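Reviewing the structure listed below.
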Amino acid sequence: MKRSFDADRREALKKLAVGGTLAFGGSLPAAETKLSMPSSKKRARIVIAGGGTAGMAVASRIRRAAPNAEIVLISPNDMHLYQPGQVFAAVGLYRDSDNVQPTPSILPDGVRWLKESVLFFDPESSSLKCDRSGKIVYDFLIVALGCEYDYEAIDGLGISAIGRNSIASLYLNDTVKGSAKGSEITRKWFGDIRESADKGSVKVLLSDPATPVKGEGVSLDILFLCNDMLKGRGPRKGADIHSKVKFTLAKGSDTLIGCRGYDKALKKRVAAENNFSTLFSHELQSVDVDRKVATFSAGGVRKEVSYDFLHVTPPMRAPDALRDSPLAAYEGEHTGWFDGDERTLRHKTYPNVFGIGDILGRRSGMSGAAARDQAIVMQDNIAAALEDKPLPAKYLGYTAVPVRTRFGREILAEYDRNGFDPTFPLDPTEPRWIWWEMDLHLMRWVYFNLIMRGMM
Ligand SMILES: Cc1cc2nc3c(=O)[nH]c(=O)nc-3n(C[C@H](O)[C@H](O)[C@H](O)COP(=O)(O)OP(=O)(O)OC[C@H]3O[C@@H](n4cnc5c(N)ncnc54)[C@H](O)[C@@H]3O)c2cc1C
């Protein structure tokens, strides 16, 4: 019986892998595009600013869409970090070094890499300034700078507080160095919680900001997986001591995830654990690290919550180079983020400028899965723009958020602006072993070998 189950499992995984259908998004693009793989023979200089998930995924696609164009990618990082792998590294299932590859090894042929940073954009003169080469002019620009963390926005915190005084932040990474200290810090934090729970009761507080965040499911992963470890599961094993730990998840927003159907299902799942509680619309303002007290603003009212252990998801914002430039929205919901049309991804004021990835600052959709979908749209739209034609492709808001509900089980929350958008005809709110196995064993390979090469 066992053998046939394993065989079925392997067979199913193989089929899914071959179909190229993975947790970064389905096998078929959700974007509204004819997938005609159009290309333009025009000569032009296309500059891509940022060489993370979005920049790399789009570079190889643009290479194909514009074979005669000069394509320049500007990014300071020697190493490329697979950020989703930080979660598995934190729980001890990956080594940190497994999540990085040298930038040259994934740089598409025919793309020139400038290892430097953009200091500012001057779209009026179709140029930008870099820290080493100075002014660079372009015919088309694709902005893919990602987002940065703003730990300093929380009084009493700052990056230096992470990893000390029982405070962790799995997010902490440096996309320029390709390092992710947050995983190591959180790994130790999990161990410290278990050690404390062995001695008595423990209060664990997790906070999520009110800003858009990348990796929407990360706090839920920490909540569920930490609890599961305390139940004695996961690589460390041990006695079930979870009832000694009370978890509070404080969200800056009023949802656990930005799609109503998944949110409802996840709220039910969280409520079912009797050592979990939630606070919604609570925005972390300050932390008193000595007293171990976090102060939130909740509907304008100050509220103090004491903790023994704190996990912080930092507020996120666009990098300065974008925020201080004419390319940023200066009013409305997306203030400070790239001011683009959310469907065509073209800048609202400068038609030769496009934006992709986290820089769009969408509350739902700061994910590698979204960036991959947007790269498909960008391929068609850049080819059309080169030919001075109307833009044919539209991004419909697709994103995929893995939520690890326990070791060996995962919900793959795929959705777009209209709600559920699952690739498979299965109840999408159910945690399944198949998503966990694919995520753990296949996804990183697919990321470096297919998505980065614009092959899915
Ligand atoms: C812990 C964690 C878990 C996650 N889990 C998932 C998941 O399971 N599934 C999923 O789909 N997504 C997940 N994500 C989100 C995903 O990693 C990001 O949404 C994705 O990397 C966004 O791609 P990007 O290119 O916009 O930004 P990034 O990949 O962050 O790349 C930005 C790039 O811009 C460069 N850059 C920055 N400033 C400048 C400048 N001034 N000049 C030039 N270059 C610059 C950086 O060096 C970097 O190379 C997770 C993220 C984290 C942190």
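Labeling convention for the structure tokens: chains A, B, ... as they appear, residues from 1 per chain, ligands from 1 in order of appearance.
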Exercise for review: Excluding stretch 183-194 of chain A and any residue of its chain fewer than 6 positions from it, enumerate the residues within 8 Å of it, using only C-alpha atoms, and give them as a VMD selection string.
Suggested key: chain A and resid 86 to 87 89 to 92 96 162 to 163 166 to 172 202 226 230 309
Practice item. Per DSSP on the backbone, filter stretch 133-341 of chain A down to the residues in helix (DSSP H, G or I) and report them as JSON, numbers by chain. Key: {"A": [151, 152, 153, 159, 160, 161, 181, 182, 183, 184, 185, 186, 187, 188, 189, 190, 191, 192, 193, 194, 195, 196, 197, 198, 199, 218, 219, 220, 221, 222, 223, 224, 225, 226, 227, 228, 229, 230, 242, 243, 244, 260, 261, 262, 263, 264, 265, 266, 267, 268, 269, 270, 271, 320, 321, 322, 323]}
Point to revise | Shell around stretch 345-354 of chain A at 7 Å using only C-alpha atoms, local window under 5 positions removed, as an NGL selection string | key: :A and (123 or 139-143 or 339-340)
Preceding selection exported with N, CA and C atoms as a PDB file, in the first residue's frame:
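Final output, result_0.pdb:
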```pdb
ATOM      1  N   PRO A 123      13.216  60.819 -16.697  1.00  0.00           N
ATOM      2  CA  PRO A 123      12.431  60.351 -17.844  1.00  0.00           C
ATOM      3  C   PRO A 123      12.188  61.441 -18.887  1.00  0.00           C
ATOM      4  N   ASP A 139      16.042  54.078 -25.101  1.00  0.00           N
ATOM      5  CA  ASP A 139      14.815  54.266 -25.891  1.00  0.00           C
ATOM      6  C   ASP A 139      13.625  53.764 -25.079  1.00  0.00           C
ATOM      7  N   PHE A 140      13.839  52.638 -24.408  1.00  0.00           N
ATOM      8  CA  PHE A 140      12.803  52.098 -23.516  1.00  0.00           C
ATOM      9  C   PHE A 140      13.458  51.724 -22.188  1.00  0.00           C
ATOM     10  N   LEU A 141      12.692  51.933 -21.135  1.00  0.00           N
ATOM     11  CA  LEU A 141      13.197  51.607 -19.792  1.00  0.00           C
ATOM     12  C   LEU A 141      12.205  50.683 -19.096  1.00  0.00           C
ATOM     13  N   ILE A 142      12.723  49.639 -18.465  1.00  0.00           N
ATOM     14  CA  ILE A 142      11.881  48.763 -17.630  1.00  0.00           C
ATOM     15  C   ILE A 142      12.412  48.872 -16.198  1.00  0.00           C
ATOM     16  N   VAL A 143      11.569  49.341 -15.307  1.00  0.00           N
ATOM     17  CA  VAL A 143      11.998  49.534 -13.919  1.00  0.00           C
ATOM     18  C   VAL A 143      11.617  48.297 -13.101  1.00  0.00           C
ATOM     19  N   ASP A 339       4.391  54.645 -10.914  1.00  0.00           N
ATOM     20  CA  ASP A 339       3.064  55.144 -11.307  1.00  0.00           C
ATOM     21  C   ASP A 339       2.649  54.558 -12.667  1.00  0.00           C
ATOM     22  N   GLY A 340       2.366  53.273 -12.677  1.00  0.00           N
ATOM     23  CA  GLY A 340       2.075  52.622 -13.954  1.00  0.00           C
ATOM     24  C   GLY A 340       0.616  52.226 -14.100  1.00  0.00           C
TER      25      GLY A 340
END
```
Review point. In terms of the shortest atom-to-atom distance over only C-alpha atoms and all ligand atoms, which of A:Leu360, A:Ile434, A:Ala54, A:Ile62 is closest to ligand 1?
Key: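 Looking at the shortest contact to ligand 1, the residue is A:Ala54.
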Exercise for review: Could you jot down the atom CA of A:Ala329 to atom CA of A:Cys147 separation for me, Å, one decimal place?
Suggested key: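 That distance, rounded to one decimal, is 14.8 Å.
For the set A:Phe448, A:Tyr82, A:Phe338, A:Phe276, the residue with the smallest atom-to-atom gap to ligand 1 is A:Tyr82, counting only C-alpha atoms and all ligand atoms.
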Check your understanding: Quick one: distance from atom CA of A:Ile46 to atom CA of A:Ile71 in Å, one decimal?
Key ->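 Interatomic distance here is 4.9 Å.
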Practice item. Find the residues around A:Gly299 up to 12 Å (only C-alpha atoms counted), leave out those fewer than 6 positions away in its own chain, and share them as a ChimeraX atom specification. Key: /A:252-254,279-284
Could you go through stretch 316-367 of chain A and tell me which residues DSSP, when run on the backbone, assigns to strand (DSSP E or B), listing them as a compact mmCIF listing (two decimals) with N, CA, C and O atoms, in the first residue's frame?
```txt
# COMPACT_ATOMS: atom_id res chain seq x y z
N MET A 316 7.29 48.19 4.02
CA MET A 316 8.06 48.15 2.76
C MET A 316 7.75 49.37 1.91
O MET A 316 6.65 49.91 1.96
N ARG A 317 8.75 49.78 1.14
CA ARG A 317 8.58 50.96 0.28
C ARG A 317 9.49 50.80 -0.94
O ARG A 317 10.38 49.95 -0.96
N ALA A 328 7.57 58.09 -9.79
CA ALA A 328 6.75 57.63 -8.66
C ALA A 328 5.40 58.33 -8.64
O ALA A 328 5.29 59.50 -9.03
N ALA A 329 4.37 57.62 -8.19
CA ALA A 329 3.05 58.24 -8.01
C ALA A 329 3.18 59.25 -6.86
O ALA A 329 3.81 58.96 -5.85
N THR A 335 1.17 56.06 -3.70
CA THR A 335 2.15 57.13 -3.53
C THR A 335 3.53 56.55 -3.21
O THR A 335 3.68 55.70 -2.33
N PHE A 338 5.92 52.95 -8.27
CA PHE A 338 5.91 53.20 -9.71
C PHE A 338 4.49 53.56 -10.17
O PHE A 338 3.54 52.83 -9.88
N GLY A 340 2.37 53.27 -12.68
CA GLY A 340 2.08 52.62 -13.95
C GLY A 340 0.62 52.23 -14.10
O GLY A 340 -0.14 52.15 -13.12
N ARG A 346 2.61 50.04 -18.33
CA ARG A 346 3.29 51.21 -18.90
C ARG A 346 3.13 52.39 -17.96
O ARG A 346 2.08 52.55 -17.31
N HIS A 347 4.14 53.24 -17.89
CA HIS A 347 4.05 54.42 -17.02
C HIS A 347 2.92 55.33 -17.51
O HIS A 347 2.69 55.46 -18.71
N VAL A 353 8.41 54.09 -20.75
CA VAL A 353 8.86 53.53 -19.48
C VAL A 353 7.82 52.52 -18.97
O VAL A 353 6.61 52.80 -18.98
N PHE A 354 8.31 51.36 -18.53
CA PHE A 354 7.45 50.30 -18.00
C PHE A 354 7.95 49.89 -16.61
O PHE A 354 9.11 50.11 -16.29
N GLY A 355 7.05 49.30 -15.83
CA GLY A 355 7.46 48.84 -14.49
C GLY A 355 7.00 47.41 -14.27
O GLY A 355 5.96 46.98 -14.79
```
**Study point:** Distance query stretch 131-135 of chain A at most 8 Å, only C-alpha atoms, self and fewer than 2 positions along chain excluded, as a VMD selection string
**Key:** chain A and resid 116 to 119 127 to 129 137
I need the chosen residues saved as a PDB file, in the first residue's frame, with N, CA and C atoms.
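selection18.pdb, freshly written:
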```pdb
ATOM      1  N   GLU A 116      26.093  47.937 -11.274  1.00  0.00           N
ATOM      2  CA  GLU A 116      26.055  49.208 -10.542  1.00  0.00           C
ATOM      3  C   GLU A 116      24.615  49.567 -10.190  1.00  0.00           C
ATOM      4  N   SER A 117      24.482  50.671  -9.463  1.00  0.00           N
ATOM      5  CA  SER A 117      23.150  51.079  -9.000  1.00  0.00           C
ATOM      6  C   SER A 117      22.666  52.321  -9.733  1.00  0.00           C
ATOM      7  N   VAL A 118      21.367  52.364  -9.926  1.00  0.00           N
ATOM      8  CA  VAL A 118      20.759  53.577 -10.475  1.00  0.00           C
ATOM      9  C   VAL A 118      20.616  54.571  -9.330  1.00  0.00           C
ATOM     10  N   LEU A 119      21.069  55.785  -9.579  1.00  0.00           N
ATOM     11  CA  LEU A 119      20.927  56.821  -8.541  1.00  0.00           C
ATOM     12  C   LEU A 119      19.647  57.618  -8.728  1.00  0.00           C
ATOM     13  N   SER A 127      16.697  59.253 -19.746  1.00  0.00           N
ATOM     14  CA  SER A 127      18.018  58.863 -19.242  1.00  0.00           C
ATOM     15  C   SER A 127      17.943  58.569 -17.746  1.00  0.00           C
ATOM     16  N   LEU A 128      18.999  57.947 -17.268  1.00  0.00           N
ATOM     17  CA  LEU A 128      19.115  57.722 -15.823  1.00  0.00           C
ATOM     18  C   LEU A 128      20.576  57.901 -15.459  1.00  0.00           C
ATOM     19  N   LYS A 129      20.826  58.030 -14.158  1.00  0.00           N
ATOM     20  CA  LYS A 129      22.217  58.184 -13.734  1.00  0.00           C
ATOM     21  C   LYS A 129      22.605  57.008 -12.844  1.00  0.00           C
ATOM     22  N   VAL A 137      21.493  56.782 -21.539  1.00  0.00           N
ATOM     23  CA  VAL A 137      20.236  57.094 -22.218  1.00  0.00           C
ATOM     24  C   VAL A 137      19.586  55.803 -22.719  1.00  0.00           C
TER      25      VAL A 137
END
```
**Study point:** For atom CA of A:Thr344 and atom CA of A:Arg362, the interatomic separation in Å (one decimal)
**Key:**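 Atom-to-atom, atom CA of A:Thr344 to atom CA of A:Arg362, that is 14.2 Å.
With distances restricted to only C-alpha atoms, A:Val401 is the closest residue to A:Asp221 from A:Val401, A:Leu114, A:Val301, A:Ala383.
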Exercise for review: Would you mind telling me which residue in A:Lys251, A:Lys115, A:Lys389, A:Arg323 lies nearest to A:Val213 when using only C-alpha atoms?
Suggested key: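 Nearest to A:Val213: A:Lys251.
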Check your understanding: Between A:Ala400, A:Ala59, A:Ala375, A:Val305, which one has atoms that come closest to ligand 1, using only C-alpha atoms and all ligand atoms?
Key ->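 Selected residue with least distance to ligand 1: A:Ala400.
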Practice item. Select, from A:Ser105, A:Ser160, A:Thr399, A:Ser364, the residue with the minimum atom-to-atom distance to ligand 1, counting only C-alpha atoms and all ligand atoms. Key: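 Ranked by minimum distance to ligand 1, first place goes to A:Thr399.
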